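To be precise, the following lines are query.txt, and they hold compact mmCIF, N, CA and C atoms.
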```txt
# COMPACT_ATOMS: atom_id res chain seq x y z
N GLN A 1 90.59 136.64 119.77
CA GLN A 1 89.62 135.78 119.10
C GLN A 1 89.42 134.50 119.91
N VAL A 2 88.16 134.05 119.96
CA VAL A 2 87.86 132.86 120.74
C VAL A 2 88.57 131.65 120.15
N GLN A 3 89.09 130.83 121.01
CA GLN A 3 89.72 129.58 120.59
C GLN A 3 88.72 128.44 120.78
N LEU A 4 88.78 127.47 119.88
CA LEU A 4 87.87 126.32 119.94
C LEU A 4 88.69 125.04 119.98
N VAL A 5 88.26 124.10 120.79
CA VAL A 5 88.93 122.81 120.88
C VAL A 5 87.90 121.70 120.73
N GLU A 6 88.16 120.84 119.74
CA GLU A 6 87.26 119.73 119.48
C GLU A 6 87.75 118.47 120.19
N SER A 7 86.81 117.63 120.59
CA SER A 7 87.16 116.35 121.21
C SER A 7 85.99 115.40 121.09
N GLY A 8 86.22 114.15 121.44
CA GLY A 8 85.14 113.17 121.48
C GLY A 8 85.15 112.17 120.35
N GLY A 9 86.05 112.33 119.41
CA GLY A 9 86.10 111.39 118.31
C GLY A 9 86.58 110.01 118.75
N GLY A 10 86.51 109.08 117.82
CA GLY A 10 86.95 107.74 118.13
C GLY A 10 86.62 106.76 117.03
N LEU A 11 86.78 105.49 117.36
CA LEU A 11 86.51 104.41 116.42
C LEU A 11 85.19 103.76 116.81
N VAL A 12 84.29 103.64 115.85
CA VAL A 12 82.97 103.08 116.14
C VAL A 12 82.50 102.26 114.95
N GLN A 13 81.69 101.27 115.23
CA GLN A 13 81.13 100.47 114.16
C GLN A 13 79.94 101.19 113.53
N ALA A 14 79.67 100.84 112.30
CA ALA A 14 78.51 101.42 111.61
C ALA A 14 77.26 101.17 112.44
N GLY A 15 76.43 102.20 112.52
CA GLY A 15 75.24 102.13 113.34
C GLY A 15 75.44 102.66 114.75
N GLY A 16 76.66 102.88 115.11
CA GLY A 16 76.97 103.37 116.45
C GLY A 16 76.81 104.87 116.57
N SER A 17 77.16 105.38 117.74
CA SER A 17 76.99 106.80 118.04
C SER A 17 78.25 107.37 118.68
N LEU A 18 78.42 108.65 118.50
CA LEU A 18 79.48 109.41 119.15
C LEU A 18 78.94 110.80 119.45
N ARG A 19 79.47 111.41 120.48
CA ARG A 19 79.16 112.81 120.75
C ARG A 19 80.46 113.60 120.77
N LEU A 20 80.53 114.55 119.86
CA LEU A 20 81.69 115.43 119.79
C LEU A 20 81.43 116.69 120.59
N SER A 21 82.50 117.25 121.13
CA SER A 21 82.41 118.49 121.90
C SER A 21 83.26 119.56 121.24
N CYS A 22 82.78 120.76 121.31
CA CYS A 22 83.53 121.94 120.85
C CYS A 22 83.51 122.92 122.02
N VAL A 23 84.65 123.06 122.66
CA VAL A 23 84.76 123.92 123.83
C VAL A 23 85.40 125.23 123.44
N ALA A 24 84.75 126.32 123.81
CA ALA A 24 85.25 127.65 123.48
C ALA A 24 86.01 128.25 124.66
N SER A 25 87.00 129.09 124.33
CA SER A 25 87.77 129.76 125.38
C SER A 25 87.00 130.89 126.01
N GLY A 26 85.93 131.32 125.33
CA GLY A 26 85.08 132.38 125.85
C GLY A 26 83.64 131.94 125.83
N SER A 27 82.77 132.90 125.98
CA SER A 27 81.35 132.59 126.04
C SER A 27 80.80 132.11 124.70
N ILE A 28 80.17 130.94 124.74
CA ILE A 28 79.52 130.42 123.54
C ILE A 28 78.40 131.36 123.10
N SER A 29 77.75 132.00 124.04
CA SER A 29 76.63 132.89 123.72
C SER A 29 77.04 134.07 122.86
N SER A 30 78.32 134.41 122.89
CA SER A 30 78.80 135.55 122.10
C SER A 30 79.12 135.18 120.66
N ILE A 31 79.04 133.90 120.34
CA ILE A 31 79.34 133.44 118.98
C ILE A 31 78.03 133.37 118.21
N PRO A 32 77.83 134.26 117.23
CA PRO A 32 76.55 134.27 116.50
C PRO A 32 76.23 132.93 115.83
N ILE A 33 77.21 132.41 115.13
CA ILE A 33 77.02 131.13 114.44
C ILE A 33 78.26 130.27 114.63
N LEU A 34 78.03 129.03 115.01
CA LEU A 34 79.14 128.10 115.11
C LEU A 34 78.92 127.01 114.07
N TYR A 35 79.95 126.76 113.29
CA TYR A 35 79.89 125.79 112.20
C TYR A 35 80.59 124.49 112.60
N TRP A 36 80.09 123.41 112.08
CA TRP A 36 80.80 122.12 112.14
C TRP A 36 81.14 121.73 110.70
N TYR A 37 82.40 121.38 110.53
CA TYR A 37 82.91 120.91 109.25
C TYR A 37 83.54 119.55 109.46
N ARG A 38 83.76 118.84 108.38
CA ARG A 38 84.51 117.59 108.43
C ARG A 38 85.34 117.45 107.16
N GLN A 39 86.43 116.73 107.30
CA GLN A 39 87.30 116.46 106.15
C GLN A 39 87.53 114.97 106.05
N PRO A 40 86.85 114.32 105.12
CA PRO A 40 87.07 112.88 104.91
C PRO A 40 88.47 112.65 104.36
N PRO A 41 89.01 111.48 104.53
CA PRO A 41 90.37 111.20 104.03
C PRO A 41 90.45 111.41 102.52
N GLY A 42 91.44 112.19 102.11
CA GLY A 42 91.67 112.43 100.70
C GLY A 42 90.70 113.38 100.05
N LYS A 43 89.85 114.01 100.84
CA LYS A 43 88.84 114.92 100.26
C LYS A 43 88.93 116.30 100.90
N GLN A 44 88.20 117.21 100.32
CA GLN A 44 88.17 118.57 100.84
C GLN A 44 87.26 118.65 102.07
N ARG A 45 87.52 119.65 102.86
CA ARG A 45 86.70 119.91 104.03
C ARG A 45 85.29 120.28 103.57
N GLU A 46 84.29 119.78 104.27
CA GLU A 46 82.90 120.04 103.88
C GLU A 46 82.06 120.41 105.10
N LEU A 47 81.03 121.18 104.84
CA LEU A 47 80.15 121.62 105.92
C LEU A 47 79.27 120.47 106.39
N VAL A 48 79.12 120.37 107.70
CA VAL A 48 78.19 119.42 108.30
C VAL A 48 76.91 120.15 108.71
N GLY A 49 77.07 121.32 109.29
CA GLY A 49 75.92 122.09 109.71
C GLY A 49 76.35 123.27 110.54
N LEU A 50 75.35 123.99 111.07
CA LEU A 50 75.64 125.15 111.89
C LEU A 50 74.57 125.32 112.95
N VAL A 51 74.97 126.00 114.00
CA VAL A 51 74.04 126.31 115.08
C VAL A 51 74.27 127.74 115.50
N SER A 52 73.17 128.46 115.66
CA SER A 52 73.28 129.87 116.03
C SER A 52 73.05 130.06 117.52
N ASN A 53 73.44 131.21 118.02
CA ASN A 53 73.21 131.49 119.43
C ASN A 53 71.75 131.86 119.70
N MET A 54 70.94 131.93 118.65
CA MET A 54 69.51 132.16 118.80
C MET A 54 68.74 130.84 118.78
N GLY A 55 69.47 129.73 118.59
CA GLY A 55 68.85 128.42 118.66
C GLY A 55 68.58 127.74 117.34
N SER A 56 68.77 128.45 116.24
CA SER A 56 68.51 127.82 114.94
C SER A 56 69.64 126.84 114.60
N LYS A 57 69.24 125.80 113.90
CA LYS A 57 70.19 124.75 113.53
C LYS A 57 69.93 124.33 112.09
N GLU A 58 70.99 124.08 111.39
CA GLU A 58 70.86 123.61 110.01
C GLU A 58 71.85 122.47 109.78
N TYR A 59 71.42 121.52 108.98
CA TYR A 59 72.24 120.34 108.71
C TYR A 59 72.27 120.09 107.21
N VAL A 60 73.37 119.56 106.75
CA VAL A 60 73.41 119.15 105.35
C VAL A 60 72.58 117.88 105.21
N ASN A 61 72.12 117.64 103.99
CA ASN A 61 71.19 116.52 103.76
C ASN A 61 71.75 115.18 104.20
N SER A 62 73.04 114.98 104.02
CA SER A 62 73.63 113.67 104.29
C SER A 62 73.59 113.30 105.77
N VAL A 63 73.39 114.27 106.65
CA VAL A 63 73.40 113.96 108.08
C VAL A 63 72.06 114.25 108.75
N LYS A 64 71.13 114.81 108.02
CA LYS A 64 69.82 115.11 108.59
C LYS A 64 69.16 113.86 109.16
N GLY A 65 68.60 114.02 110.35
CA GLY A 65 67.95 112.88 110.99
C GLY A 65 68.89 111.98 111.76
N ARG A 66 70.19 112.18 111.58
CA ARG A 66 71.18 111.36 112.29
C ARG A 66 72.04 112.20 113.24
N PHE A 67 72.34 113.41 112.84
CA PHE A 67 73.20 114.30 113.63
C PHE A 67 72.35 115.40 114.26
N SER A 68 72.75 115.83 115.42
CA SER A 68 72.05 116.95 116.05
C SER A 68 73.02 117.76 116.90
N PHE A 69 72.73 119.06 116.98
CA PHE A 69 73.54 119.98 117.78
C PHE A 69 72.83 120.30 119.09
N SER A 70 73.63 120.51 120.09
CA SER A 70 73.11 121.06 121.33
C SER A 70 74.20 121.91 121.95
N ARG A 71 73.81 122.72 122.92
CA ARG A 71 74.79 123.60 123.52
C ARG A 71 74.59 123.68 125.02
N ASP A 72 75.68 123.84 125.72
CA ASP A 72 75.66 124.05 127.16
C ASP A 72 76.41 125.34 127.42
N ASN A 73 75.65 126.42 127.57
CA ASN A 73 76.27 127.74 127.73
C ASN A 73 77.13 127.81 129.00
N ALA A 74 76.72 127.10 130.02
CA ALA A 74 77.48 127.14 131.27
C ALA A 74 78.87 126.54 131.10
N LYS A 75 78.98 125.61 130.17
CA LYS A 75 80.28 124.96 129.92
C LYS A 75 80.96 125.50 128.67
N ASN A 76 80.34 126.51 128.07
CA ASN A 76 80.90 127.08 126.83
C ASN A 76 81.17 126.00 125.79
N THR A 77 80.23 125.10 125.66
CA THR A 77 80.43 123.93 124.82
C THR A 77 79.24 123.73 123.88
N VAL A 78 79.56 123.39 122.65
CA VAL A 78 78.57 122.95 121.70
C VAL A 78 78.85 121.49 121.38
N TYR A 79 77.80 120.70 121.34
CA TYR A 79 77.94 119.27 121.09
C TYR A 79 77.39 118.91 119.72
N LEU A 80 78.01 117.90 119.14
CA LEU A 80 77.50 117.31 117.91
C LEU A 80 77.24 115.84 118.22
N GLN A 81 75.96 115.51 118.36
CA GLN A 81 75.56 114.13 118.60
C GLN A 81 75.39 113.44 117.25
N MET A 82 76.10 112.35 117.07
CA MET A 82 76.07 111.63 115.80
C MET A 82 75.55 110.22 116.05
N ASN A 83 74.42 109.92 115.46
CA ASN A 83 73.80 108.60 115.60
C ASN A 83 73.76 107.88 114.26
N ASN A 84 73.57 106.58 114.33
CA ASN A 84 73.50 105.77 113.11
C ASN A 84 74.65 106.10 112.16
N LEU A 85 75.84 106.08 112.70
CA LEU A 85 77.01 106.46 111.91
C LEU A 85 77.25 105.49 110.77
N LYS A 86 77.77 106.05 109.69
CA LYS A 86 78.05 105.27 108.49
C LYS A 86 79.54 105.39 108.16
N PRO A 87 80.09 104.44 107.43
CA PRO A 87 81.51 104.54 107.06
C PRO A 87 81.84 105.85 106.35
N GLU A 88 80.90 106.38 105.59
CA GLU A 88 81.15 107.64 104.89
C GLU A 88 81.19 108.85 105.81
N ASP A 89 80.87 108.65 107.08
CA ASP A 89 81.02 109.73 108.06
C ASP A 89 82.45 109.82 108.59
N THR A 90 83.28 108.87 108.20
CA THR A 90 84.68 108.90 108.63
C THR A 90 85.35 110.18 108.15
N ALA A 91 85.92 110.92 109.09
CA ALA A 91 86.51 112.22 108.77
C ALA A 91 87.12 112.81 110.03
N VAL A 92 87.88 113.86 109.83
CA VAL A 92 88.27 114.72 110.94
C VAL A 92 87.22 115.82 111.05
N TYR A 93 86.69 116.00 112.23
CA TYR A 93 85.61 116.96 112.47
C TYR A 93 86.15 118.20 113.16
N TYR A 94 85.69 119.35 112.67
CA TYR A 94 86.13 120.64 113.18
C TYR A 94 84.93 121.52 113.52
N CYS A 95 85.09 122.35 114.51
CA CYS A 95 84.13 123.43 114.73
C CYS A 95 84.85 124.75 114.44
N ALA A 96 84.07 125.73 114.07
CA ALA A 96 84.68 127.00 113.65
C ALA A 96 83.67 128.13 113.76
N THR A 97 84.18 129.31 114.00
CA THR A 97 83.38 130.52 113.90
C THR A 97 83.59 131.13 112.51
N GLN A 98 82.85 132.20 112.23
CA GLN A 98 83.02 132.87 110.96
C GLN A 98 84.46 133.38 110.81
N TRP A 99 85.02 133.82 111.92
CA TRP A 99 86.40 134.31 111.88
C TRP A 99 87.35 133.20 111.43
N HIS A 100 87.16 132.00 111.95
CA HIS A 100 88.03 130.89 111.57
C HIS A 100 87.88 130.58 110.09
N LEU A 101 86.65 130.67 109.59
CA LEU A 101 86.44 130.39 108.17
C LEU A 101 87.12 131.46 107.31
N THR A 102 86.94 132.71 107.69
CA THR A 102 87.48 133.82 106.91
C THR A 102 89.00 133.78 106.89
N SER A 103 89.59 133.44 108.03
CA SER A 103 91.05 133.43 108.13
C SER A 103 91.64 132.05 107.81
N ASN A 104 90.76 131.11 107.47
CA ASN A 104 91.20 129.75 107.17
C ASN A 104 92.07 129.22 108.31
N SER A 105 91.63 129.44 109.51
CA SER A 105 92.36 129.03 110.70
C SER A 105 91.58 127.91 111.37
N TRP A 106 92.16 126.73 111.40
CA TRP A 106 91.47 125.55 111.91
C TRP A 106 92.21 124.95 113.08
N GLY A 107 91.46 124.37 113.97
CA GLY A 107 92.07 123.67 115.09
C GLY A 107 92.53 122.30 114.66
N GLN A 108 92.85 121.47 115.63
CA GLN A 108 93.34 120.13 115.33
C GLN A 108 92.22 119.19 114.91
N GLY A 109 91.02 119.51 115.29
CA GLY A 109 89.90 118.64 114.95
C GLY A 109 89.91 117.37 115.78
N THR A 110 88.93 116.53 115.54
CA THR A 110 88.85 115.25 116.23
C THR A 110 88.48 114.17 115.21
N GLN A 111 89.21 113.09 115.24
CA GLN A 111 89.06 112.04 114.24
C GLN A 111 87.89 111.11 114.58
N VAL A 112 87.05 110.89 113.60
CA VAL A 112 85.96 109.93 113.71
C VAL A 112 86.18 108.87 112.64
N THR A 113 86.23 107.63 113.08
CA THR A 113 86.41 106.52 112.15
C THR A 113 85.27 105.52 112.34
N VAL A 114 84.55 105.27 111.26
CA VAL A 114 83.40 104.35 111.32
C VAL A 114 83.73 103.13 110.47
N THR A 115 83.70 101.96 111.09
CA THR A 115 84.00 100.73 110.37
C THR A 115 82.71 100.02 109.98
N SER A 116 82.79 99.31 108.88
CA SER A 116 81.61 98.60 108.39
C SER A 116 81.52 97.21 108.99
```

Structure translated into structure tokens:
Amino acid sequence: QVQLVESGGGLVQAGGSLRLSCVASGSISSIPILYWYRQPPGKQRELVGLVSNMGSKEYVNSVKGRFSFSRDNAKNTVYLQMNNLKPEDTAVYYCATQWHLTSNSWGQGTQVTVTS
């Protein structure tokens, strides 16, 4: 099963930007759908959005217009560009395939902290 590693998190002020990376151990093109989730402190993990290998992208309402996905097949990487960050975006961010969701198998994630 493909392994995923998230990176790019950090501490940023409200209104700032970050770009997260999700690097796969295999070909990104072979992953039908890649999901981004986040887990705010003290809360359950929640969906941020998804991107398919056919190019379709979906975002939850709370991040629409601020977050965007892109992919670099040559680097086996999917990016999550986050703009106009808000304190409520503070969370650990994860990427996952359907297999990871089904098996409840998560990586270490990457911490994003947004200060007001």

Please identify all polymer residues within 6.5 Å of Leu20 (chain A), counting only N, CA and C atoms, omitting same-chain residues fewer than 4 positions from it, and present them as a ChimeraX atom specification.
/A:7-9,78-82

Point out the residue among A:Ser21, A:Leu4, A:Ser105, A:Thr97 with the least atom-to-atom distance to Ser70 (chain A), counting only C-alpha atoms.
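For Ser70 (chain A), the nearest of the given residues is A:Ser21.
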
I'd like the neighbourhood of region 52-64 of chain A as an NGL selection string, where a residue qualifies if any of its atoms comes within 10 Å (using only C-alpha atoms), though same-chain residues fewer than 3 positions away should be ignored. :A and (28-36 or 46-49 or 67-71 or 73 or 82-86 or 88-89)

When distances are computed from only C-alpha atoms, which of A:Gln39, A:Gln44, A:Ser25, A:Thr77 shows the smallest separation from Gly109 (chain A)?
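Using only C-alpha atoms, Gly109 (chain A) sits closest to A:Gln39.
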
Review point. When DSSP works through the backbone of this structure, what residues of chain A end up as alpha helix (DSSP H), shown as a list in words?
Key: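 Output for chain A, alpha helix (DSSP H) only: Gln98, Trp99, His100, Leu101, Thr102 and Ser103 of chain A.
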
**OP:** Can you work out the spacing between atom N of Thr102 (chain A) and CA of Gly65 (chain A) in Å, to one decimal?
**Re:**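 If I compute the distance from atom N of Thr102 (chain A) to CA of Gly65 (chain A), I get 27.7 Å.
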
| In Å to one decimal, how far is CA of Tyr37 (chain A) from atom C of Gln13 (chain A)? |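 So the answer is 20.4 Å.
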